[in-house]
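Next comes upload22.cif, a file with mmCIF, C-alpha atoms and all ligand atoms.
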```cif
data_my_file
#
loop_
_atom_site.label_atom_id
_atom_site.label_comp_id
_atom_site.auth_asym_id
_atom_site.auth_seq_id
_atom_site.Cartn_x
_atom_site.Cartn_y
_atom_site.Cartn_z
CA MET A 1 0.00 0.00 0.00
CA THR A 2 1.69 3.22 -1.11
CA ASN A 3 0.80 6.69 0.11
CA ILE A 4 3.06 8.92 -1.98
CA ARG A 5 0.30 11.29 -3.08
CA SER A 6 -1.12 11.60 0.43
CA GLN A 7 2.36 12.40 1.71
CA GLU A 8 2.82 15.10 -0.93
CA LEU A 9 -0.52 16.66 -0.04
CA TRP A 10 0.30 16.38 3.67
CA THR A 11 3.49 18.39 3.18
CA ARG A 12 1.59 21.05 1.22
CA ALA A 13 -1.30 21.06 3.72
CA GLN A 14 0.95 21.68 6.70
CA LYS A 15 2.30 24.82 5.02
CA VAL A 16 -1.08 26.48 4.53
CA ILE A 17 -3.45 24.87 7.06
CA PRO A 18 -2.65 24.77 10.80
CA GLY A 19 -1.46 21.24 11.57
CA GLY A 20 -2.45 20.32 8.02
CA VAL A 21 -6.10 19.74 8.98
CA ASN A 22 -9.36 21.64 9.17
CA SER A 23 -10.42 19.76 12.31
CA PRO A 24 -7.87 18.41 14.82
CA VAL A 25 -9.25 14.84 15.04
CA ARG A 26 -8.28 14.28 11.39
CA ALA A 27 -4.56 14.51 12.11
CA MET A 28 -3.20 11.05 12.76
CA ALA A 29 -0.15 12.13 14.76
CA SER A 30 -1.38 10.31 17.88
CA VAL A 31 -1.23 7.03 15.95
CA GLY A 32 1.96 7.98 14.12
CA LEU A 33 0.55 8.18 10.59
CA THR A 34 0.17 10.52 7.65
CA PRO A 35 -3.59 10.76 7.10
CA PRO A 36 -4.82 9.32 3.81
CA PHE A 37 -6.27 12.09 1.63
CA ILE A 38 -9.70 10.96 0.54
CA LYS A 39 -10.65 11.22 -3.11
CA SER A 40 -14.07 9.59 -3.21
CA ALA A 41 -16.39 7.26 -1.37
CA GLN A 42 -19.30 4.97 -2.15
CA GLY A 43 -21.41 2.92 0.25
CA CYS A 44 -19.12 1.80 3.08
CA ARG A 45 -15.92 2.24 1.09
CA VAL A 46 -13.61 5.22 0.82
CA MET A 47 -10.78 5.62 -1.66
CA ASP A 48 -7.69 7.77 -1.18
CA VAL A 49 -5.65 9.75 -3.71
CA ASP A 50 -3.16 6.85 -4.03
CA GLY A 51 -5.97 4.49 -5.06
CA ASN A 52 -6.10 2.61 -1.72
CA LYS A 53 -9.56 1.41 -0.72
CA TYR A 54 -10.76 1.17 2.87
CA ILE A 55 -13.88 -0.14 4.54
CA ASP A 56 -15.13 2.89 6.43
CA CYS A 57 -16.25 2.71 10.05
CA VAL A 58 -16.05 6.47 10.63
CA GLY A 59 -18.90 7.61 8.38
CA SER A 60 -17.63 11.20 8.49
CA TRP A 61 -17.76 10.93 12.33
CA GLY A 62 -21.40 9.87 12.40
CA PRO A 63 -23.49 11.54 9.69
CA LEU A 64 -23.36 8.80 7.04
CA ILE A 65 -25.80 6.28 8.47
CA LEU A 66 -26.88 5.43 4.89
CA GLY A 67 -23.30 5.12 3.67
CA HIS A 68 -21.49 7.43 1.26
CA ALA A 69 -23.04 8.97 -1.84
CA HIS A 70 -26.43 7.32 -1.37
CA PRO A 71 -28.08 7.72 -4.81
CA GLU A 72 -31.28 9.28 -3.42
CA VAL A 73 -29.34 11.81 -1.35
CA VAL A 74 -27.05 12.67 -4.27
CA GLU A 75 -30.08 13.12 -6.54
CA ALA A 76 -31.86 15.35 -4.04
CA VAL A 77 -28.79 17.57 -3.60
CA THR A 78 -28.12 17.75 -7.35
CA LYS A 79 -31.71 18.70 -8.12
CA ALA A 80 -31.68 21.34 -5.39
CA ALA A 81 -28.37 22.79 -6.62
CA GLU A 82 -29.81 23.28 -10.10
CA LYS A 83 -32.42 25.56 -8.59
CA GLY A 84 -29.95 27.70 -6.68
CA THR A 85 -27.50 27.13 -3.82
CA SER A 86 -28.69 29.69 -1.30
CA PHE A 87 -31.47 32.25 -1.03
CA GLY A 88 -31.20 33.53 2.52
CA ALA A 89 -34.99 33.39 2.43
CA SER A 90 -37.83 31.05 3.40
CA THR A 91 -38.40 27.83 1.42
CA GLN A 92 -40.99 25.05 1.34
CA ALA A 93 -38.29 22.43 1.92
CA GLU A 94 -37.21 23.92 5.25
CA VAL A 95 -40.82 23.81 6.49
CA GLU A 96 -41.16 20.15 5.45
CA PHE A 97 -37.82 19.37 7.07
CA ALA A 98 -38.80 21.05 10.35
CA GLU A 99 -42.16 19.22 10.28
CA LYS A 100 -40.39 15.89 9.87
CA LEU A 101 -37.95 16.63 12.69
CA CYS A 102 -40.79 17.63 15.04
CA ALA A 103 -42.83 14.56 14.09
CA SER A 104 -39.90 12.22 14.79
CA VAL A 105 -38.24 13.55 17.94
CA PRO A 106 -40.46 13.50 21.07
CA SER A 107 -39.21 16.75 22.65
CA LEU A 108 -39.51 18.89 19.51
CA GLU A 109 -42.48 21.18 19.14
CA GLN A 110 -40.43 23.78 17.29
CA VAL A 111 -36.99 23.61 15.76
CA ARG A 112 -34.47 26.13 14.44
CA LEU A 113 -32.02 25.06 11.73
CA VAL A 114 -28.35 26.01 11.99
CA SER A 115 -25.21 24.84 10.18
CA SER A 116 -23.14 22.88 12.72
CA GLY A 117 -23.48 20.98 15.97
CA THR A 118 -21.38 23.66 17.65
CA GLU A 119 -23.92 26.31 16.67
CA ALA A 120 -26.79 24.13 17.87
CA THR A 121 -25.38 23.57 21.37
CA MET A 122 -24.10 27.14 21.71
CA SER A 123 -27.54 28.49 20.76
CA ALA A 124 -29.38 26.06 23.04
CA ILE A 125 -27.26 27.19 26.00
CA ARG A 126 -27.89 30.85 25.19
CA LEU A 127 -31.60 30.14 24.95
CA ALA A 128 -31.60 28.26 28.27
CA ARG A 129 -29.82 31.19 29.93
CA GLY A 130 -32.18 33.69 28.34
CA ALA A 131 -35.27 31.71 29.29
CA THR A 132 -34.24 31.10 32.91
CA GLY A 133 -32.33 34.32 33.63
CA ARG A 134 -29.56 32.17 35.13
CA ASN A 135 -25.92 31.87 34.07
CA LYS A 136 -24.40 28.60 35.27
CA ILE A 137 -24.50 25.36 33.29
CA ILE A 138 -23.61 21.77 34.09
CA LYS A 139 -21.77 19.60 31.61
CA PHE A 140 -20.00 16.27 31.99
CA GLU A 141 -16.32 15.37 31.74
CA GLY A 142 -15.51 13.67 28.47
CA CYS A 143 -18.68 14.87 26.75
CA TYR A 144 -18.03 17.08 23.74
CA HIS A 145 -20.57 19.65 22.63
CA GLY A 146 -18.65 21.53 19.97
CA HIS A 147 -16.08 24.27 20.47
CA SER A 148 -18.02 27.27 21.82
CA ASP A 149 -16.29 28.93 24.78
CA GLY A 150 -18.27 27.75 27.79
CA LEU A 151 -18.47 24.17 26.56
CA LEU A 152 -14.76 23.73 26.00
CA VAL A 153 -14.07 22.58 29.55
CA ALA A 154 -12.64 19.09 30.06
CA ALA A 155 -14.35 18.15 26.83
CA GLY A 156 -14.00 14.90 24.93
CA SER A 157 -13.22 14.13 21.29
CA GLY A 158 -9.96 15.65 19.98
CA LEU A 159 -9.24 17.28 23.33
CA ILE A 160 -8.81 13.86 24.95
CA THR A 161 -6.77 12.53 22.06
CA LEU A 162 -4.46 15.56 22.18
CA GLY A 163 -4.46 15.80 25.99
CA ILE A 164 -5.80 19.38 26.07
CA PRO A 165 -7.99 19.76 29.20
CA SER A 166 -9.36 23.13 28.16
CA SER A 167 -8.42 25.75 25.63
CA PRO A 168 -6.37 28.93 25.93
CA GLY A 169 -8.39 31.79 24.48
CA VAL A 170 -11.42 30.93 26.59
CA PRO A 171 -11.62 33.47 29.45
CA GLU A 172 -11.81 32.06 32.96
CA GLU A 173 -14.91 34.19 33.48
CA MET A 174 -16.62 32.02 30.85
CA THR A 175 -15.46 28.64 32.13
CA SER A 176 -16.23 29.58 35.73
CA LEU A 177 -19.88 29.42 34.73
CA THR A 178 -19.52 25.80 33.61
CA LEU A 179 -19.71 23.15 36.31
CA ASN A 180 -17.95 20.10 35.01
CA LEU A 181 -19.04 16.85 36.65
CA PRO A 182 -18.33 13.15 36.21
CA TYR A 183 -20.69 11.36 33.80
CA ASN A 184 -23.05 8.88 35.45
CA ASP A 185 -22.49 10.33 38.94
CA LEU A 186 -25.89 11.42 40.19
CA ASP A 187 -24.59 12.12 43.71
CA ALA A 188 -22.14 14.73 42.37
CA ILE A 189 -24.93 16.34 40.36
CA THR A 190 -27.33 16.35 43.29
CA GLN A 191 -24.65 18.06 45.40
CA ALA A 192 -23.97 20.64 42.69
CA PHE A 193 -27.69 21.45 42.53
CA GLU A 194 -27.90 21.72 46.31
CA GLN A 195 -24.91 24.05 46.37
CA HIS A 196 -25.91 26.28 43.45
CA SER A 197 -29.62 25.79 43.92
CA ARG A 198 -31.39 28.24 41.60
CA GLU A 199 -28.36 29.45 39.59
CA ILE A 200 -28.20 26.62 37.10
CA ALA A 201 -29.73 27.46 33.73
CA ALA A 202 -29.11 24.15 32.01
CA VAL A 203 -27.70 20.66 32.18
CA ILE A 204 -26.29 19.60 28.83
CA VAL A 205 -25.58 15.92 28.30
CA GLU A 206 -24.83 13.43 25.57
CA PRO A 207 -27.55 10.89 26.47
CA VAL A 208 -25.15 8.23 25.27
CA ALA A 209 -21.65 9.66 25.43
CA GLY A 210 -19.78 9.20 22.16
CA ASN A 211 -16.81 11.47 22.59
CA MET A 212 -14.79 9.59 25.22
CA GLY A 213 -15.52 6.37 23.39
CA VAL A 214 -19.07 5.11 23.78
CA VAL A 215 -20.31 5.31 27.37
CA PRO A 216 -23.97 4.48 27.98
CA PRO A 217 -25.95 6.21 30.69
CA ALA A 218 -26.10 4.10 33.87
CA PRO A 219 -29.62 2.93 34.76
CA GLY A 220 -31.37 5.86 36.40
CA PHE A 221 -28.85 8.50 35.27
CA LEU A 222 -31.02 10.23 32.67
CA GLU A 223 -34.13 9.80 34.85
CA GLY A 224 -32.18 11.40 37.71
CA LEU A 225 -31.15 14.36 35.55
CA ARG A 226 -34.77 14.82 34.46
CA ALA A 227 -35.99 14.81 38.06
CA LEU A 228 -33.32 17.24 39.30
CA CYS A 229 -33.96 19.65 36.42
CA ASP A 230 -37.69 19.53 37.18
CA LYS A 231 -37.07 20.15 40.87
CA TYR A 232 -34.78 23.16 40.34
CA GLY A 233 -36.44 24.71 37.28
CA THR A 234 -33.38 23.95 35.13
CA ILE A 235 -33.51 23.24 31.41
CA LEU A 236 -32.39 19.75 30.43
CA ILE A 237 -30.59 19.72 27.07
CA PHE A 238 -29.92 16.45 25.28
CA ASP A 239 -27.07 16.87 22.85
CA GLU A 240 -28.20 14.31 20.28
CA VAL A 241 -25.81 15.48 17.57
CA ILE A 242 -24.53 11.89 17.43
CA THR A 243 -27.47 9.89 18.80
CA GLY A 244 -30.26 11.73 16.95
CA PHE A 245 -31.71 9.43 14.25
CA ARG A 246 -28.95 6.91 15.06
CA LEU A 247 -30.47 5.07 18.03
CA ALA A 248 -34.03 5.47 16.75
CA LEU A 249 -35.95 7.96 14.64
CA GLY A 250 -36.60 9.79 17.90
CA GLY A 251 -32.97 9.42 19.03
CA ALA A 252 -31.81 8.53 22.53
CA GLN A 253 -34.87 10.21 24.05
CA GLU A 254 -37.10 7.69 22.30
CA HIS A 255 -34.70 4.82 23.05
CA PHE A 256 -34.61 5.57 26.79
CA GLY A 257 -38.05 7.16 27.13
CA ILE A 258 -36.79 10.38 28.75
CA THR A 259 -37.87 13.70 27.23
CA PRO A 260 -35.52 16.68 27.59
CA ASP A 261 -36.60 20.32 27.36
CA LEU A 262 -34.25 21.13 24.47
CA THR A 263 -32.57 18.86 21.93
CA CYS A 264 -29.58 19.48 19.69
CA LEU A 265 -29.29 17.60 16.43
CA GLY A 266 -26.65 17.51 13.70
CA LYS A 267 -24.65 14.97 11.72
CA ILE A 268 -27.24 12.46 10.40
CA ILE A 269 -29.96 15.05 9.76
CA GLY A 270 -27.80 16.61 7.04
CA GLY A 271 -26.67 13.43 5.31
CA GLY A 272 -23.15 14.85 5.20
CA LEU A 273 -24.08 18.44 4.39
CA PRO A 274 -23.65 21.19 6.96
CA VAL A 275 -26.94 21.27 8.82
CA ALA A 276 -27.82 21.00 12.50
CA ALA A 277 -30.75 22.04 14.63
CA TYR A 278 -31.93 22.83 18.12
CA GLY A 279 -35.46 22.71 19.32
CA GLY A 280 -37.89 21.93 22.08
CA LYS A 281 -41.07 23.08 23.72
CA LYS A 282 -42.82 25.99 22.06
CA ASP A 283 -42.83 28.14 25.19
CA ILE A 284 -39.02 28.00 25.37
CA MET A 285 -38.41 28.24 21.61
CA SER A 286 -40.64 31.31 21.35
CA GLN A 287 -37.99 33.22 23.32
CA ILE A 288 -35.84 33.23 20.18
CA ALA A 289 -35.76 36.25 17.85
CA PRO A 290 -37.81 37.41 16.01
CA CYS A 291 -40.61 36.35 18.39
CA GLY A 292 -38.48 36.72 21.52
CA PRO A 293 -35.38 38.57 22.71
CA VAL A 294 -32.78 35.77 22.55
CA TYR A 295 -30.79 36.38 19.38
CA GLN A 296 -29.53 33.74 17.00
CA ALA A 297 -29.20 33.91 13.21
CA GLY A 298 -27.41 32.47 10.16
CA THR A 299 -26.87 33.45 6.52
CA LEU A 300 -26.83 29.81 5.42
CA SER A 301 -29.33 28.44 7.96
CA GLY A 302 -31.88 26.20 6.24
CA ASN A 303 -29.66 26.14 3.17
CA PRO A 304 -31.57 24.49 0.28
CA LEU A 305 -28.89 21.88 -0.50
CA ALA A 306 -28.61 20.86 3.12
CA THR A 307 -32.36 20.68 3.66
CA ALA A 308 -32.79 18.64 0.46
CA ALA A 309 -30.18 16.16 1.70
CA GLY A 310 -31.76 16.10 5.14
CA LEU A 311 -35.23 15.42 3.81
CA ALA A 312 -33.95 12.57 1.64
CA VAL A 313 -32.16 11.01 4.63
CA LEU A 314 -35.14 11.28 6.95
CA GLU A 315 -37.44 9.70 4.35
CA LEU A 316 -35.08 6.75 3.93
CA LEU A 317 -34.73 6.31 7.69
CA GLN A 318 -38.52 6.15 8.01
CA GLY A 319 -38.43 2.96 5.92
CA TYR A 320 -39.51 -0.31 7.46
CA GLY A 321 -37.06 -2.13 9.71
CA VAL A 322 -34.15 0.27 9.26
CA TYR A 323 -33.21 0.35 12.95
CA ASP A 324 -33.56 -3.43 13.31
CA GLN A 325 -31.13 -3.84 10.44
CA LEU A 326 -28.67 -1.44 12.02
CA GLU A 327 -28.94 -3.28 15.33
CA GLU A 328 -28.26 -6.62 13.67
CA LYS A 329 -25.25 -5.37 11.73
CA ALA A 330 -23.75 -3.59 14.73
CA ALA A 331 -24.32 -6.59 17.03
CA ARG A 332 -22.57 -8.87 14.52
CA LEU A 333 -19.52 -6.60 14.21
CA PHE A 334 -19.30 -5.82 17.93
CA SER A 335 -19.64 -9.39 19.17
CA GLY A 336 -17.19 -10.55 16.49
CA MET A 337 -14.64 -8.01 17.71
CA LEU A 338 -15.12 -8.93 21.37
CA GLU A 339 -14.55 -12.60 20.49
CA LEU A 340 -11.29 -11.74 18.75
CA PHE A 341 -10.01 -9.70 21.70
CA GLU A 342 -11.00 -12.57 23.99
CA GLU A 343 -9.24 -15.15 21.83
CA LYS A 344 -6.03 -13.15 21.81
CA GLY A 345 -6.16 -12.70 25.58
CA LEU A 346 -6.07 -8.89 25.38
CA ASP A 347 -7.45 -6.74 28.19
CA HIS A 348 -10.54 -5.09 26.78
CA THR A 349 -14.10 -4.02 27.46
CA GLY A 350 -16.82 -3.10 25.02
CA ASN A 351 -19.67 -0.58 25.22
CA ARG A 352 -22.37 -0.58 22.57
CA VAL A 353 -25.71 1.15 22.16
CA GLY A 354 -27.33 0.41 18.80
CA SER A 355 -25.05 1.20 15.89
CA MET A 356 -22.37 2.99 17.91
CA PHE A 357 -19.74 1.20 19.96
CA THR A 358 -16.21 1.27 21.33
CA VAL A 359 -13.94 -1.59 22.29
CA PHE A 360 -11.63 -0.08 24.90
CA PHE A 361 -8.05 -1.29 25.31
CA GLN A 362 -8.40 -2.03 29.03
CA LYS A 363 -10.33 -4.29 31.40
CA GLY A 364 -13.03 -1.77 32.23
CA PRO A 365 -15.75 -1.20 33.12
CA VAL A 366 -15.83 2.19 31.39
CA THR A 367 -18.55 4.36 32.86
CA ASP A 368 -17.06 7.88 32.75
CA TYR A 369 -14.08 9.92 31.63
CA ALA A 370 -11.74 8.75 34.40
CA SER A 371 -12.30 5.11 33.51
CA ALA A 372 -12.17 5.74 29.73
CA ALA A 373 -8.82 7.48 30.12
CA LYS A 374 -7.20 4.25 31.40
CA SER A 375 -7.10 2.80 27.87
CA ASP A 376 -3.74 1.66 26.51
CA THR A 377 -3.16 4.33 23.86
CA GLU A 378 0.19 2.87 22.77
CA LEU A 379 -1.29 -0.53 22.02
CA PHE A 380 -4.24 1.11 20.31
CA ALA A 381 -1.87 3.06 18.03
CA ARG A 382 -0.16 -0.18 16.93
CA TYR A 383 -3.54 -1.83 16.33
CA TYR A 384 -4.71 1.21 14.38
CA ARG A 385 -1.67 1.24 12.10
CA ALA A 386 -2.21 -2.45 11.31
CA LEU A 387 -5.93 -1.90 10.61
CA LEU A 388 -5.36 0.99 8.23
CA ALA A 389 -2.56 -0.80 6.38
CA LYS A 390 -4.95 -3.71 5.79
CA GLY A 391 -7.79 -1.50 4.57
CA VAL A 392 -10.03 -0.78 7.56
CA TYR A 393 -10.59 2.90 8.32
CA MET A 394 -11.60 3.66 11.90
CA ALA A 395 -11.39 6.85 13.96
CA PRO A 396 -7.70 7.33 14.85
CA SER A 397 -8.26 7.49 18.60
CA PRO A 398 -9.21 5.00 21.33
CA PHE A 399 -11.71 7.58 22.61
CA GLU A 400 -14.07 7.62 19.66
CA ALA A 401 -17.05 5.60 18.50
CA THR A 402 -17.16 3.07 15.71
CA PHE A 403 -20.23 3.78 13.56
CA VAL A 404 -22.07 1.08 11.65
CA SER A 405 -24.11 2.16 8.63
CA LEU A 406 -26.85 0.60 6.56
CA ALA A 407 -24.28 0.28 3.77
CA HIS A 408 -22.25 -2.31 5.75
CA GLN A 409 -23.29 -5.70 4.40
CA GLU A 410 -22.53 -9.07 6.02
CA ASP A 411 -19.52 -9.56 3.73
CA ASP A 412 -18.11 -6.18 4.68
CA ILE A 413 -18.51 -6.96 8.36
CA ASP A 414 -16.79 -10.32 7.94
CA GLN A 415 -14.02 -8.59 6.04
CA ILE A 416 -13.56 -6.04 8.84
CA LEU A 417 -13.40 -8.88 11.37
CA GLY A 418 -10.81 -10.70 9.24
CA VAL A 419 -8.63 -7.58 9.23
CA CYS A 420 -9.14 -7.05 13.00
CA ASN A 421 -8.02 -10.62 13.55
CA GLN A 422 -4.81 -10.08 11.57
CA ALA A 423 -4.15 -6.72 13.25
CA LEU A 424 -4.62 -8.21 16.73
CA GLU A 425 -2.34 -11.13 15.83
CA GLU A 426 0.29 -8.65 14.71
CA ILE A 427 0.22 -6.64 17.93
CA THR A 428 0.13 -9.66 20.25
CA SER A 429 2.85 -11.74 18.58
N1 LIG A 501 -22.15 17.56 19.99
C1 LIG A 501 -21.69 16.32 19.85
C2 LIG A 501 -22.26 15.23 20.72
C3 LIG A 501 -20.72 16.02 18.90
O1 LIG A 501 -20.27 14.76 18.79
C4 LIG A 501 -20.23 17.06 18.09
C5 LIG A 501 -19.17 16.82 17.02
N2 LIG A 501 -18.54 15.64 17.01
C6 LIG A 501 -20.73 18.35 18.27
C7 LIG A 501 -21.70 18.57 19.21
C8 LIG A 501 -20.25 19.48 17.43
O2 LIG A 501 -20.70 19.35 16.13
P1 LIG A 501 -19.95 20.07 14.91
O3 LIG A 501 -18.63 19.38 14.76
O4 LIG A 501 -20.87 19.88 13.75
O5 LIG A 501 -19.78 21.51 15.28
#
```

Spell out the structure here as structure tokens.
Amino acid sequence: MTNIRSQELWTRAQKVIPGGVNSPVRAMASVGLTPPFIKSAQGCRVMDVDGNKYIDCVGSWGPLILGHAHPEVVEAVTKAAEKGTSFGASTQAEVEFAEKLCASVPSLEQVRLVSSGTEATMSAIRLARGATGRNKIIKFEGCYHGHSDGLLVAAGSGLITLGIPSSPGVPEEMTSLTLNLPYNDLDAITQAFEQHSREIAAVIVEPVAGNMGVVPPAPGFLEGLRALCDKYGTILIFDEVITGFRLALGGAQEHFGITPDLTCLGKIIGGGLPVAAYGGKKDIMSQIAPCGPVYQAGTLSGNPLATAAGLAVLELLQGYGVYDQLEEKAARLFSGMLELFEEKGLDHTGNRVGSMFTVFFQKGPVTDYASAAKSDTELFARYYRALLAKGVYMAPSPFEATFVSLAHQEDDIDQILGVCNQALEEITS
């Protein structure tokens, strides 16, 4: 497998783009590799500029639940583009899209479209503060909610991989308003509420954490958050940027039967185009301009290409048995991987919810950031290099999720398992 062209591009990229990448998680320094530069993708396969093909388990970090370049999504985007790429004005498609989102996700009575998950969470926090007149928020260690100032405190994703606990450039005055607590620890949250009583505007949580590796909510955790928020008049925000339309049409809130006050969506709802959303009960959402005083806006919000893609994706996901298929595929891949780790006698533990999972390089259990962080990153890096060299493309960090898509067929899953087997043999021999 040669990577001459990727290496050439990597050299050029590092001259004109900081670190050579437009998002830190794409750099593969932590696993000691030059990232492959992707040329095209189809279904569950991606091809790089050197002609190497990989089976993809990243899915653009979650959005591509249908696989790459799904013909119906491509057709919808192409047709939309022919009619104009942006109007900065109201369209029929954005109304239909919002109607579909509200009909699918239990907490949504109204929804506002934005262009990234970061915008969605940032706006939801602003709205929660505006609606409650309070300033403090609670988030959880290892959860990532995008890169807006107040949420960049002990966050997951690339910050764990790069070992950056919080970012310079974010004033202490901002982060002092963020209470950062261990995931799954209801006692700590109860104490924080008792201490700060009526100052907490919002609790923001990934209902299944996906940014420290996959960490499911412990039984009672989400119920506990709901009860505490009700008791203290605090707004409960589910960040479903990953879990929305992945765990069910109605996301984690449908899966677990807990309804938050506000929900953030992204990734899947845009089918790979830049669209995200936040929404919730009408009485809270009506605080947003122009009907209320909380300001939030966007030149490209509700962009016609993105809404066309989103509508096509949602229609396909409404098809019969989609989530059962995803469950079956993910269970097959996950249990196959666990068997291989077992066979090779490697310390490991696996967490899976639906079509997202992580096999951690340690005994576990992994229930929060502190336990996730115990993973053997050195061994993971060796495993990763072997996987990529043999044509399996996963997220280059032990603290990320593996995403299964509807495009992964049985053969592909068996092929991934064959490569995992070889990679594990290589690192254990
Ligand atoms: N929330 C969660 C749960 C995420 O996983 C991410 C991105 N991985 C974001 C928010 C931010 O989304 P974006 O990268 O689109 O800004």

Give as a tab-separated table (two decimals) with C-alpha atoms, in the coordinates of the input the set of residues within 12 Å of the point (-30.4, -4.5, 12.6), where distances use the file's coordinates and all atoms listed in the file.
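In the end it all went to selection-v4.tsv:
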```
chain	number	residue	atom	x	y	z
A	246	ARG	CA	-28.95	6.91	15.06
A	247	LEU	CA	-30.47	5.07	18.03
A	248	ALA	CA	-34.03	5.47	16.75
A	320	TYR	CA	-39.51	-0.31	7.46
A	321	GLY	CA	-37.06	-2.13	9.71
A	322	VAL	CA	-34.15	0.27	9.26
A	323	TYR	CA	-33.21	0.35	12.95
A	324	ASP	CA	-33.56	-3.43	13.31
A	325	GLN	CA	-31.13	-3.84	10.44
A	326	LEU	CA	-28.67	-1.44	12.02
A	327	GLU	CA	-28.94	-3.28	15.33
A	328	GLU	CA	-28.26	-6.62	13.67
A	329	LYS	CA	-25.25	-5.37	11.73
A	330	ALA	CA	-23.75	-3.59	14.73
A	331	ALA	CA	-24.32	-6.59	17.03
A	332	ARG	CA	-22.57	-8.87	14.52
A	333	LEU	CA	-19.52	-6.60	14.21
A	354	GLY	CA	-27.33	0.41	18.80
A	355	SER	CA	-25.05	1.20	15.89
A	404	VAL	CA	-22.07	1.08	11.65
A	405	SER	CA	-24.11	2.16	8.63
A	406	LEU	CA	-26.85	0.60	6.56
A	407	ALA	CA	-24.28	0.28	3.77
A	408	HIS	CA	-22.25	-2.31	5.75
A	409	GLN	CA	-23.29	-5.70	4.40
A	410	GLU	CA	-22.53	-9.07	6.02
```

Just give me the gap between atom CA of A:Asn184 and atom CA of A:Lys374 in Å, one decimal is fine.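 Separating atom CA of A:Asn184 from atom CA of A:Lys374 is a distance of 17.0 Å.
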
Can you work out which residues are within 6 Å of ligand LIG 501 (chain A), considering only C-alpha atoms and all ligand atoms, and then hand them over as a list in words? Ser116, Gly117, Thr118, Tyr144, His145, Gly146, Glu206, Asp239, Val241 and Ile242 of chain A

Closest to A:Val114 among A:Ile55, A:Val275, A:Met212, A:Val73, using only C-alpha atoms?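 Closest to A:Val114 of all the choices is A:Val275.
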
Would you mind listing what lies within 9 Å of stretch 296-298 of chain A as a ChimeraX atom specification, with only C-alpha atoms counted and same-chain residues fewer than 5 positions away left out? /A:88,113-115,123,126-127,288-289

Pick out the residues sitting within 12 Å of stretch 252-254 of chain A, and hand them over as JSON, numbers by chain; count only C-alpha atoms, and ignore anything fewer than 5 positions along from it in its own chain. {"A": [104, 105, 106, 107, 108, 205, 206, 207, 208, 209, 216, 217, 222, 223, 226, 236, 237, 238, 239, 240, 241, 242, 243, 244, 245, 246, 247, 259, 260, 261, 262, 263, 264, 265, 353, 354, 355, 356]}

Nearest-residue call for A:Gly150, choices A:Ala41, A:Ile138, A:Ile284, A:Leu305, using only C-alpha atoms: A:Ile138

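Take the candidates A:Ile4, A:Val58, A:Leu186, A:Ala89 and check each one against A:Leu300 using all atoms listed in the file; the shortest distance goes to A:Ala89.
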
Show me as a compact mmCIF listing (two decimals) with C-alpha atoms, keeping the file's coordinate frame the residues that reach within 10 Å of (-32.2, 18.7, 3.6), counting only C-alpha atoms and using the file's own coordinates.
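Contents of out_7.txt, freshly written:
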```txt
# COMPACT_ATOMS: atom_id res chain seq x y z
CA VAL A 73 -29.34 11.81 -1.35
CA ALA A 76 -31.86 15.35 -4.04
CA VAL A 77 -28.79 17.57 -3.60
CA ALA A 80 -31.68 21.34 -5.39
CA ALA A 93 -38.29 22.43 1.92
CA GLU A 94 -37.21 23.92 5.25
CA GLU A 96 -41.16 20.15 5.45
CA PHE A 97 -37.82 19.37 7.07
CA ALA A 98 -38.80 21.05 10.35
CA ILE A 269 -29.96 15.05 9.76
CA GLY A 270 -27.80 16.61 7.04
CA GLY A 271 -26.67 13.43 5.31
CA GLY A 272 -23.15 14.85 5.20
CA LEU A 273 -24.08 18.44 4.39
CA PRO A 274 -23.65 21.19 6.96
CA VAL A 275 -26.94 21.27 8.82
CA GLY A 302 -31.88 26.20 6.24
CA ASN A 303 -29.66 26.14 3.17
CA PRO A 304 -31.57 24.49 0.28
CA LEU A 305 -28.89 21.88 -0.50
CA ALA A 306 -28.61 20.86 3.12
CA THR A 307 -32.36 20.68 3.66
CA ALA A 308 -32.79 18.64 0.46
CA ALA A 309 -30.18 16.16 1.70
CA GLY A 310 -31.76 16.10 5.14
CA LEU A 311 -35.23 15.42 3.81
CA ALA A 312 -33.95 12.57 1.64
CA VAL A 313 -32.16 11.01 4.63
CA LEU A 314 -35.14 11.28 6.95
```

Quick one: of A:Gly391, A:Pro24, A:Pro396, A:Gly84, who's nearest to A:Met47, counting only C-alpha atoms?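 Using only C-alpha atoms, A:Met47 sits closest to A:Gly391.
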
Please determine, counting only C-alpha atoms, which residue among A:Ile189, A:Met28, A:Val359, A:Leu151 has the shortest atom-to-atom distance to A:Phe334.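 Ranked by minimum distance to A:Phe334, first place goes to A:Val359.
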
Shell of 8 Å around A:Ile427, only C-alpha atoms, local chain residues under 2 positions omitted, as a list in words: Leu379, Arg382, Tyr383, Ala423, Leu424, Glu425 and Ser429 of chain A

Selection: 12 Å around A:Gly32, all atoms listed in the file, excl. self and same-chain fewer than 5 positions, as a CSV table (one decimal) with C-alpha atoms, in the frame of the given file:
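Saved to part-v9.csv:
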```csv
chain,number,residue,atom,x,y,z
A,27,ALA,CA,-4.6,14.5,12.1
A,377,THR,CA,-3.2,4.3,23.9
A,378,GLU,CA,0.2,2.9,22.8
A,380,PHE,CA,-4.2,1.1,20.3
A,381,ALA,CA,-1.9,3.1,18.0
A,382,ARG,CA,-0.2,-0.2,16.9
A,383,TYR,CA,-3.5,-1.8,16.3
A,384,TYR,CA,-4.7,1.2,14.4
A,385,ARG,CA,-1.7,1.2,12.1
A,386,ALA,CA,-2.2,-2.4,11.3
A,388,LEU,CA,-5.4,1.0,8.2
A,396,PRO,CA,-7.7,7.3,14.8
A,397,SER,CA,-8.3,7.5,18.6
```
